[in-house]
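Student: Here you go, start_1.cif (mmCIF, C-alpha atoms):
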```cif
data_final
#
loop_
_atom_site.label_atom_id
_atom_site.label_comp_id
_atom_site.auth_asym_id
_atom_site.auth_seq_id
_atom_site.Cartn_x
_atom_site.Cartn_y
_atom_site.Cartn_z
CA MET A 1 101.22 -43.74 46.95
CA LYS A 2 97.86 -42.48 48.14
CA LYS A 3 96.60 -39.19 46.79
CA ASP A 4 95.72 -36.44 49.23
CA LEU A 5 91.96 -36.23 48.91
CA SER A 6 91.45 -33.66 51.68
CA PRO A 7 89.53 -30.57 50.53
CA ARG A 8 91.71 -27.68 49.42
CA PRO A 9 90.99 -24.22 50.84
CA ARG A 10 89.11 -22.04 48.41
CA GLY A 11 90.99 -19.15 46.95
CA ARG A 12 90.15 -15.68 48.17
CA PRO A 13 87.96 -13.49 45.97
CA ARG A 14 89.93 -11.63 43.37
CA GLU A 15 91.27 -8.45 44.93
CA PHE A 16 90.80 -5.11 43.19
CA ASP A 17 92.19 -1.62 43.47
CA GLU A 18 89.36 0.18 45.24
CA THR A 19 90.61 3.67 44.38
CA LYS A 20 90.76 2.89 40.67
CA ALA A 21 87.37 1.18 40.78
CA VAL A 22 85.79 4.16 42.53
CA ASP A 23 87.39 6.58 40.05
CA ARG A 24 85.86 4.61 37.18
CA ALA A 25 82.47 4.60 38.89
CA LEU A 26 82.84 8.35 39.47
CA GLU A 27 83.16 8.96 35.74
CA VAL A 28 80.04 6.89 35.03
CA PHE A 29 77.94 8.60 37.72
CA TRP A 30 79.21 12.04 36.68
CA ARG A 31 78.37 11.42 33.04
CA LEU A 32 75.04 9.62 33.47
CA GLY A 33 73.78 10.72 36.89
CA TYR A 34 72.71 8.48 39.77
CA GLU A 35 69.51 7.21 38.21
CA GLY A 36 70.96 7.02 34.69
CA ALA A 37 73.91 4.84 35.68
CA SER A 38 72.92 1.17 35.77
CA VAL A 39 74.64 -1.46 37.88
CA ALA A 40 75.66 -3.20 34.64
CA GLN A 41 77.37 -0.03 33.37
CA LEU A 42 79.09 0.49 36.71
CA THR A 43 80.39 -3.06 37.01
CA GLN A 44 81.62 -3.01 33.42
CA ALA A 45 83.54 0.22 34.02
CA MET A 46 84.91 -0.96 37.36
CA GLY A 47 85.87 -4.43 36.16
CA LEU A 48 83.75 -6.09 38.85
CA THR A 49 80.84 -8.47 39.00
CA ALA A 50 77.60 -7.29 40.58
CA PRO A 51 78.11 -9.55 43.66
CA SER A 52 81.60 -8.07 44.11
CA LEU A 53 80.21 -4.54 43.90
CA TYR A 54 77.60 -5.28 46.55
CA ALA A 55 80.16 -7.05 48.75
CA ALA A 56 82.52 -4.07 48.60
CA PHE A 57 80.03 -1.18 48.82
CA GLY A 58 76.78 -2.67 50.07
CA SER A 59 74.60 -1.22 47.34
CA LYS A 60 74.54 1.18 44.42
CA GLU A 61 73.74 3.94 46.92
CA GLY A 62 76.72 2.93 49.05
CA LEU A 63 78.95 3.14 46.00
CA TYR A 64 77.53 6.54 45.07
CA ARG A 65 78.22 7.93 48.53
CA ARG A 66 81.79 6.62 48.30
CA VAL A 67 82.10 8.23 44.86
CA LEU A 68 80.90 11.59 46.20
CA GLU A 69 83.49 11.37 48.96
CA ARG A 70 86.15 10.64 46.35
CA TYR A 71 84.91 13.54 44.20
CA GLN A 72 85.34 15.97 47.09
CA GLN A 73 88.86 14.67 47.66
CA GLY A 74 89.75 14.71 43.96
CA PRO A 75 88.13 16.83 41.21
CA GLY A 76 86.22 18.96 43.75
CA ALA A 77 89.09 19.41 46.20
CA TYR A 78 90.22 22.71 44.70
CA THR A 79 87.18 24.54 45.98
CA TRP A 80 87.51 25.63 49.59
CA SER A 81 91.29 25.96 49.97
CA VAL A 82 91.01 29.47 48.50
CA PHE A 83 89.66 30.81 51.78
CA THR A 84 92.91 30.03 53.56
CA GLU A 85 95.15 31.00 50.66
CA GLU A 86 93.76 34.43 49.74
CA PRO A 87 94.13 37.57 51.91
CA THR A 88 90.47 38.66 51.67
CA VAL A 89 87.15 36.91 51.31
CA ARG A 90 86.47 38.88 48.12
CA ALA A 91 89.70 37.65 46.54
CA ALA A 92 88.90 34.11 47.68
CA VAL A 93 85.41 34.14 46.18
CA GLU A 94 86.61 35.61 42.88
CA ARG A 95 89.36 33.02 42.61
CA LEU A 96 86.91 30.24 43.51
CA LEU A 97 84.50 31.32 40.77
CA ARG A 98 87.28 31.64 38.20
CA GLU A 99 88.65 28.20 39.05
CA THR A 100 85.10 26.87 38.90
CA ALA A 101 84.72 28.19 35.35
CA HIS A 102 87.92 26.39 34.43
CA HIS A 103 87.09 23.08 36.13
CA PHE A 104 83.50 22.95 34.88
CA THR A 105 84.67 23.13 31.26
CA ARG A 106 87.72 20.85 31.31
CA ARG A 107 87.77 18.51 28.33
CA LYS A 108 89.18 15.54 30.27
CA GLN A 109 86.07 15.21 32.44
CA PRO A 110 82.29 15.55 32.11
CA PRO A 111 81.14 19.20 32.17
CA GLY A 112 79.76 20.88 35.27
CA CYS A 113 79.81 19.80 38.88
CA MET A 114 78.91 16.34 40.08
CA ILE A 115 77.23 17.78 43.21
CA SER A 116 75.79 21.17 42.19
CA THR A 117 73.14 19.80 39.85
CA ALA A 118 72.87 16.16 40.94
CA LEU A 119 69.49 14.55 41.76
CA LEU A 120 67.44 17.74 41.86
CA ARG A 121 64.39 15.58 41.08
CA CYS A 122 64.26 11.81 41.40
CA ALA A 123 62.09 8.77 41.93
CA GLU A 124 60.71 8.44 45.46
CA GLU A 125 62.87 5.42 46.28
CA HIS A 126 66.00 7.49 45.62
CA GLN A 127 64.98 10.39 47.88
CA PRO A 128 67.50 9.49 50.64
CA VAL A 129 70.29 9.85 48.09
CA ALA A 130 68.86 13.16 46.87
CA ASP A 131 68.63 14.41 50.46
CA PHE A 132 72.27 13.50 51.04
CA VAL A 133 73.43 15.39 47.93
CA ALA A 134 71.26 18.36 48.93
CA SER A 135 73.02 18.39 52.31
CA LEU A 136 76.35 18.74 50.50
CA ARG A 137 75.01 21.74 48.58
CA THR A 138 73.69 23.24 51.81
CA ARG A 139 77.09 22.78 53.40
CA ALA A 140 78.66 24.72 50.52
CA VAL A 141 76.32 27.66 51.22
CA ASP A 142 77.20 27.39 54.91
CA VAL A 143 80.91 27.70 54.09
CA PHE A 144 80.26 30.84 52.06
CA ARG A 145 78.18 32.32 54.88
CA GLU A 146 80.77 31.51 57.57
CA HIS A 147 83.57 33.23 55.65
CA ILE A 148 81.45 36.23 54.66
CA GLN A 149 80.28 36.65 58.26
CA ARG A 150 83.88 36.45 59.44
CA ALA A 151 84.81 39.19 56.97
CA ILE A 152 81.98 41.37 58.34
CA THR A 153 83.23 40.85 61.91
CA LYS A 154 86.78 41.79 60.87
CA GLY A 155 85.54 44.96 59.16
CA GLU A 156 86.45 43.74 55.70
CA LEU A 157 82.81 44.07 54.66
CA PRO A 158 80.24 46.65 55.82
CA ALA A 159 78.32 45.80 58.99
CA GLY A 160 75.02 45.81 57.10
CA THR A 161 76.10 43.10 54.64
CA ASP A 162 73.56 40.27 54.41
CA ALA A 163 75.83 37.23 54.77
CA GLU A 164 72.99 34.75 54.21
CA ALA A 165 71.85 36.39 50.97
CA MET A 166 75.39 36.70 49.63
CA ALA A 167 76.12 33.06 50.47
CA ARG A 168 73.00 31.85 48.68
CA TYR A 169 73.73 34.15 45.74
CA HIS A 170 77.15 32.60 45.17
CA GLY A 171 75.77 29.10 45.69
CA ALA A 172 73.22 29.87 42.96
CA ILE A 173 75.96 31.23 40.68
CA ILE A 174 77.94 27.99 40.97
CA GLN A 175 74.85 25.85 40.34
CA GLY A 176 73.97 28.00 37.34
CA MET A 177 77.51 27.71 35.98
CA SER A 178 77.25 23.93 36.29
CA VAL A 179 74.02 23.86 34.28
CA GLN A 180 75.41 26.15 31.60
CA ALA A 181 78.63 24.12 31.34
CA GLN A 182 76.52 21.00 30.79
CA ASP A 183 74.65 22.89 28.09
CA GLY A 184 77.91 23.67 26.30
CA ALA A 185 79.03 27.04 27.70
CA SER A 186 82.76 27.69 27.28
CA GLU A 187 85.22 28.75 29.97
CA ALA A 188 85.31 32.25 28.49
CA GLU A 189 81.53 32.51 28.68
CA LEU A 190 81.49 31.38 32.30
CA LEU A 191 84.27 33.84 33.14
CA GLY A 192 82.06 36.59 31.73
CA LEU A 193 79.40 35.51 34.20
CA VAL A 194 81.99 35.69 36.99
CA GLU A 195 82.78 39.29 36.03
CA VAL A 196 79.13 40.20 36.43
CA ALA A 197 78.76 38.24 39.68
CA MET A 198 81.69 40.03 41.29
CA ARG A 199 79.94 43.37 40.84
CA ALA A 200 77.84 42.37 43.84
CA TRP A 201 80.96 43.08 45.92
CA SER A 202 81.38 46.63 44.63
CA PRO A 203 79.86 49.47 46.64
CA PRO A 204 76.68 50.89 45.08
CA ALA A 205 77.19 53.96 42.96
CA SER A 206 76.43 57.16 44.84
CA ARG A 207 73.20 58.81 43.81
CA PRO A 208 73.27 62.42 42.68
CA ARG A 209 71.93 64.79 45.30
CA ALA A 210 68.56 66.28 44.62
CA ARG A 211 68.68 69.97 43.89
#
```
Could the structure of this file be written out as structure tokens, please?

Tutor:
Amino acid sequence: MKKDLSPRPRGRPREFDETKAVDRALEVFWRLGYEGASVAQLTQAMGLTAPSLYAAFGSKEGLYRRVLERYQQGPGAYTWSVFTEEPTVRAAVERLLRETAHHFTRRKQPPGCMISTALLRCAEEHQPVADFVASLRTRAVDVFREHIQRAITKGELPAGTDAEAMARYHGAIIQGMSVQAQDGASEAELLGLVEVAMRAWSPPASRPRAR
């Protein structure tokens, strides 16, 4: 009986769970940063070879962009829903900052925010990635401004309120909370900062009349 010597079809590349792989890469990028995370560390965490990583995501940058998308859908997803769930913009902002203090200091994940303080300075070849992350931070300020401006239009805030300044102020608060969380600040300490930040929403104390 003659043996079948015809070539056998090659097996397909080993399939992998993309969501799990991206979640593992997210933890590495979050902990080490974009420049600090090597391809070797990423592939080890994801259970992939380097060729498989490049085949699936195109490049380290492609993987990072996918990770940022996953971050906004997962750990960072809590953020903007407050504006549709709270009755006033003030209540929404206070809740957002309080939840931020909690999420930035959770023990089950790296401290701080993956976006707020990512790639503030980087090597020139990574500038496109830094620009992309900066655009995400800019969008966050835009969301603040849009909701604050809407509150002004509705009469919830005084007509003279500077929506741009307030939006940038709260963006700076969140970035500062991220830095302090990375430096070891506790949830209670960040909540103290929130208490101070919310005073910006209180009307200025009336000055005594001159006699």

Student: Distance cut-off 10 Å, centre (72.6, 11.9, 41.7) in file coordinates, counting only C-alpha atoms: which residues qualify? Return them as a ChimeraX atom specification.

Tutor: /A:29-30,32-37,61,64-65,68,114-122,126-127,129-134

Student: Since we have the selection now, will you write its residues out, keeping C-alpha atoms, as a PDB file, keeping the file's coordinate frame?

Tutor:
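Here's the written file part.pdb:
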```
ATOM      1  CA  PHE A  29      77.940   8.600  37.720  1.00  0.00           C
ATOM      2  CA  TRP A  30      79.210  12.040  36.680  1.00  0.00           C
ATOM      3  CA  LEU A  32      75.040   9.620  33.470  1.00  0.00           C
ATOM      4  CA  GLY A  33      73.780  10.720  36.890  1.00  0.00           C
ATOM      5  CA  TYR A  34      72.710   8.480  39.770  1.00  0.00           C
ATOM      6  CA  GLU A  35      69.510   7.210  38.210  1.00  0.00           C
ATOM      7  CA  GLY A  36      70.960   7.020  34.690  1.00  0.00           C
ATOM      8  CA  ALA A  37      73.910   4.840  35.680  1.00  0.00           C
ATOM      9  CA  GLU A  61      73.740   3.940  46.920  1.00  0.00           C
ATOM     10  CA  TYR A  64      77.530   6.540  45.070  1.00  0.00           C
ATOM     11  CA  ARG A  65      78.220   7.930  48.530  1.00  0.00           C
ATOM     12  CA  LEU A  68      80.900  11.590  46.200  1.00  0.00           C
ATOM     13  CA  MET A 114      78.910  16.340  40.080  1.00  0.00           C
ATOM     14  CA  ILE A 115      77.230  17.780  43.210  1.00  0.00           C
ATOM     15  CA  SER A 116      75.790  21.170  42.190  1.00  0.00           C
ATOM     16  CA  THR A 117      73.140  19.800  39.850  1.00  0.00           C
ATOM     17  CA  ALA A 118      72.870  16.160  40.940  1.00  0.00           C
ATOM     18  CA  LEU A 119      69.490  14.550  41.760  1.00  0.00           C
ATOM     19  CA  LEU A 120      67.440  17.740  41.860  1.00  0.00           C
ATOM     20  CA  ARG A 121      64.390  15.580  41.080  1.00  0.00           C
ATOM     21  CA  CYS A 122      64.260  11.810  41.400  1.00  0.00           C
ATOM     22  CA  HIS A 126      66.000   7.490  45.620  1.00  0.00           C
ATOM     23  CA  GLN A 127      64.980  10.390  47.880  1.00  0.00           C
ATOM     24  CA  VAL A 129      70.290   9.850  48.090  1.00  0.00           C
ATOM     25  CA  ALA A 130      68.860  13.160  46.870  1.00  0.00           C
ATOM     26  CA  ASP A 131      68.630  14.410  50.460  1.00  0.00           C
ATOM     27  CA  PHE A 132      72.270  13.500  51.040  1.00  0.00           C
ATOM     28  CA  VAL A 133      73.430  15.390  47.930  1.00  0.00           C
ATOM     29  CA  ALA A 134      71.260  18.360  48.930  1.00  0.00           C
TER      30      ALA A 134
END
```

Student: Determine the residue set returned by the PyMOL selection byres ((chain A and resi 193) around 12) for the present structure, and present it as a list in words.

Tutor: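 When the PyMOL selection byres ((chain A and resi 193) around 12) is applied to the shown file, the picked residues are Glu94, Leu97, Arg98, Thr100, Ala101, His170, Ile173, Ile174, Gly176, Met177, Ser178, Gln180, Ala181, Ala185, Ser186, Glu187, Ala188, Glu189, Leu190, Leu191, Gly192, Val194, Glu195, Val196, Ala197, Met198, Arg199 and Ala200 of chain A.
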
Student: Which of these residues is nearest to Arg70 of chain A, using only C-alpha atoms: A:Ala140, A:Leu53, A:Ala21, A:Ile152?

Tutor: A:Ala21

Student: Any chance you could work out the residue set of the PyMOL selection byres ((chain A and resi 79) around 12) here, as a PyMOL selection string?

Tutor: chain A and resi 71-78+80-85+92-104+113+140+143-144+174

Student: What is the distance, in Å and to one decimal place, between atom CA of Arg107 of chain A and atom CA of Gln175 of chain A?

Tutor: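 One can read the atom CA of Arg107 of chain A to atom CA of Gln175 of chain A distance as 19.1 Å.
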
Student: Evaluate the PyMOL selection byres ((chain A and resi 149-151) around 10) and record the selected residues as a PDB file with C-alpha atoms, keeping the file's coordinate frame, following the chain and residue labels used in the document.

Tutor:
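Done, and the output landed in selection_30.pdb:
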```
ATOM      1  CA  THR A  88      90.470  38.660  51.670  1.00  0.00           C
ATOM      2  CA  VAL A  89      87.150  36.910  51.310  1.00  0.00           C
ATOM      3  CA  ARG A  90      86.470  38.880  48.120  1.00  0.00           C
ATOM      4  CA  VAL A 143      80.910  27.700  54.090  1.00  0.00           C
ATOM      5  CA  PHE A 144      80.260  30.840  52.060  1.00  0.00           C
ATOM      6  CA  ARG A 145      78.180  32.320  54.880  1.00  0.00           C
ATOM      7  CA  GLU A 146      80.770  31.510  57.570  1.00  0.00           C
ATOM      8  CA  HIS A 147      83.570  33.230  55.650  1.00  0.00           C
ATOM      9  CA  ILE A 148      81.450  36.230  54.660  1.00  0.00           C
ATOM     10  CA  ILE A 152      81.980  41.370  58.340  1.00  0.00           C
ATOM     11  CA  THR A 153      83.230  40.850  61.910  1.00  0.00           C
ATOM     12  CA  LYS A 154      86.780  41.790  60.870  1.00  0.00           C
ATOM     13  CA  GLY A 155      85.540  44.960  59.160  1.00  0.00           C
ATOM     14  CA  GLU A 156      86.450  43.740  55.700  1.00  0.00           C
ATOM     15  CA  LEU A 157      82.810  44.070  54.660  1.00  0.00           C
ATOM     16  CA  PRO A 158      80.240  46.650  55.820  1.00  0.00           C
ATOM     17  CA  ALA A 159      78.320  45.800  58.990  1.00  0.00           C
ATOM     18  CA  THR A 161      76.100  43.100  54.640  1.00  0.00           C
ATOM     19  CA  ASP A 162      73.560  40.270  54.410  1.00  0.00           C
ATOM     20  CA  ALA A 163      75.830  37.230  54.770  1.00  0.00           C
ATOM     21  CA  GLU A 164      72.990  34.750  54.210  1.00  0.00           C
ATOM     22  CA  MET A 166      75.390  36.700  49.630  1.00  0.00           C
ATOM     23  CA  ALA A 167      76.120  33.060  50.470  1.00  0.00           C
TER      24      ALA A 167
END
```

Student: Using atom CA of Val67 of chain A and atom CA of Arg31 of chain A as the two end points, give the distance in Å to one decimal.

Tutor: 12.8 Å

Student: For atom CA of Ala25 of chain A and atom CA of Phe57 of chain A, determine how far apart the two atoms are, in Å to one decimal place.

Tutor: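 The value is 11.7 Å.
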
Student: What would segment 174-185 of chain A look like with all heavy atoms in place, written as a PDB file, in the coordinates of the input?

Tutor:
```pdb
ATOM      1  N   ILE A 174      77.209  29.224  41.268  1.00  0.00           N
ATOM      2  CA  ILE A 174      77.940  27.990  40.970  1.00  0.00           C
ATOM      3  C   ILE A 174      77.012  26.939  40.360  1.00  0.00           C
ATOM      4  O   ILE A 174      77.367  26.261  39.388  1.00  0.00           O
ATOM      5  CB  ILE A 174      78.633  27.459  42.232  1.00  0.00           C
ATOM      6  CG1 ILE A 174      79.805  28.380  42.591  1.00  0.00           C
ATOM      7  CG2 ILE A 174      79.125  26.021  42.035  1.00  0.00           C
ATOM      8  CD1 ILE A 174      80.511  28.022  43.872  1.00  0.00           C
ATOM      9  N   GLN A 175      75.799  26.811  40.911  1.00  0.00           N
ATOM     10  CA  GLN A 175      74.850  25.850  40.340  1.00  0.00           C
ATOM     11  C   GLN A 175      74.487  26.250  38.908  1.00  0.00           C
ATOM     12  O   GLN A 175      74.393  25.391  38.020  1.00  0.00           O
ATOM     13  CB  GLN A 175      73.599  25.776  41.207  1.00  0.00           C
ATOM     14  CG  GLN A 175      73.805  24.995  42.496  1.00  0.00           C
ATOM     15  CD  GLN A 175      72.523  24.908  43.307  1.00  0.00           C
ATOM     16  OE1 GLN A 175      72.194  25.813  44.075  1.00  0.00           O
ATOM     17  NE2 GLN A 175      71.804  23.830  43.146  1.00  0.00           N
ATOM     18  N   GLY A 176      74.290  27.531  38.678  1.00  0.00           N
ATOM     19  CA  GLY A 176      73.970  28.000  37.340  1.00  0.00           C
ATOM     20  C   GLY A 176      75.117  27.763  36.362  1.00  0.00           C
ATOM     21  O   GLY A 176      74.895  27.389  35.203  1.00  0.00           O
ATOM     22  N   MET A 177      76.354  27.968  36.822  1.00  0.00           N
ATOM     23  CA  MET A 177      77.510  27.710  35.980  1.00  0.00           C
ATOM     24  C   MET A 177      77.593  26.233  35.612  1.00  0.00           C
ATOM     25  O   MET A 177      77.964  25.876  34.488  1.00  0.00           O
ATOM     26  CB  MET A 177      78.787  28.156  36.692  1.00  0.00           C
ATOM     27  CG  MET A 177      78.925  29.665  36.815  1.00  0.00           C
ATOM     28  SD  MET A 177      80.301  30.157  37.892  1.00  0.00           S
ATOM     29  CE  MET A 177      81.714  29.720  36.860  1.00  0.00           C
ATOM     30  N   SER A 178      77.227  25.371  36.556  1.00  0.00           N
ATOM     31  CA  SER A 178      77.250  23.930  36.290  1.00  0.00           C
ATOM     32  C   SER A 178      76.241  23.571  35.201  1.00  0.00           C
ATOM     33  O   SER A 178      76.556  22.821  34.269  1.00  0.00           O
ATOM     34  CB  SER A 178      76.933  23.144  37.565  1.00  0.00           C
ATOM     35  OG  SER A 178      76.942  21.756  37.317  1.00  0.00           O
ATOM     36  N   VAL A 179      75.044  24.122  35.296  1.00  0.00           N
ATOM     37  CA  VAL A 179      74.020  23.860  34.280  1.00  0.00           C
ATOM     38  C   VAL A 179      74.472  24.362  32.917  1.00  0.00           C
ATOM     39  O   VAL A 179      74.364  23.656  31.907  1.00  0.00           O
ATOM     40  CB  VAL A 179      72.683  24.517  34.683  1.00  0.00           C
ATOM     41  CG1 VAL A 179      71.676  24.423  33.535  1.00  0.00           C
ATOM     42  CG2 VAL A 179      72.108  23.859  35.929  1.00  0.00           C
ATOM     43  N   GLN A 180      75.008  25.588  32.880  1.00  0.00           N
ATOM     44  CA  GLN A 180      75.410  26.150  31.600  1.00  0.00           C
ATOM     45  C   GLN A 180      76.591  25.396  30.992  1.00  0.00           C
ATOM     46  O   GLN A 180      76.674  25.232  29.776  1.00  0.00           O
ATOM     47  CB  GLN A 180      75.732  27.639  31.773  1.00  0.00           C
ATOM     48  CG  GLN A 180      74.484  28.457  32.094  1.00  0.00           C
ATOM     49  CD  GLN A 180      74.693  29.946  31.958  1.00  0.00           C
ATOM     50  OE1 GLN A 180      75.603  30.402  31.272  1.00  0.00           O
ATOM     51  NE2 GLN A 180      73.830  30.725  32.597  1.00  0.00           N
ATOM     52  N   ALA A 181      77.513  24.928  31.848  1.00  0.00           N
ATOM     53  CA  ALA A 181      78.630  24.120  31.340  1.00  0.00           C
ATOM     54  C   ALA A 181      78.106  22.833  30.708  1.00  0.00           C
ATOM     55  O   ALA A 181      78.579  22.405  29.649  1.00  0.00           O
ATOM     56  CB  ALA A 181      79.599  23.806  32.467  1.00  0.00           C
ATOM     57  N   GLN A 182      77.108  22.214  31.347  1.00  0.00           N
ATOM     58  CA  GLN A 182      76.520  21.000  30.790  1.00  0.00           C
ATOM     59  C   GLN A 182      75.810  21.277  29.480  1.00  0.00           C
ATOM     60  O   GLN A 182      75.712  20.401  28.617  1.00  0.00           O
ATOM     61  CB  GLN A 182      75.552  20.384  31.802  1.00  0.00           C
ATOM     62  CG  GLN A 182      76.247  19.809  33.030  1.00  0.00           C
ATOM     63  CD  GLN A 182      75.255  19.258  34.044  1.00  0.00           C
ATOM     64  OE1 GLN A 182      74.242  18.682  33.685  1.00  0.00           O
ATOM     65  NE2 GLN A 182      75.555  19.429  35.316  1.00  0.00           N
ATOM     66  N   ASP A 183      75.336  22.504  29.329  1.00  0.00           N
ATOM     67  CA  ASP A 183      74.650  22.890  28.090  1.00  0.00           C
ATOM     68  C   ASP A 183      75.623  23.376  27.019  1.00  0.00           C
ATOM     69  O   ASP A 183      75.190  23.793  25.944  1.00  0.00           O
ATOM     70  CB  ASP A 183      73.616  23.980  28.381  1.00  0.00           C
ATOM     71  CG  ASP A 183      72.402  23.442  29.118  1.00  0.00           C
ATOM     72  OD1 ASP A 183      72.238  22.208  29.154  1.00  0.00           O
ATOM     73  OD2 ASP A 183      71.623  24.253  29.656  1.00  0.00           O
ATOM     74  N   GLY A 184      76.923  23.348  27.317  1.00  0.00           N
ATOM     75  CA  GLY A 184      77.910  23.670  26.300  1.00  0.00           C
ATOM     76  C   GLY A 184      78.604  25.009  26.431  1.00  0.00           C
ATOM     77  O   GLY A 184      79.387  25.393  25.552  1.00  0.00           O
ATOM     78  N   ALA A 185      78.361  25.747  27.522  1.00  0.00           N
ATOM     79  CA  ALA A 185      79.030  27.040  27.700  1.00  0.00           C
ATOM     80  C   ALA A 185      80.537  26.839  27.809  1.00  0.00           C
ATOM     81  O   ALA A 185      81.012  25.866  28.398  1.00  0.00           O
ATOM     82  CB  ALA A 185      78.503  27.742  28.945  1.00  0.00           C
TER      83      ALA A 185
END
```
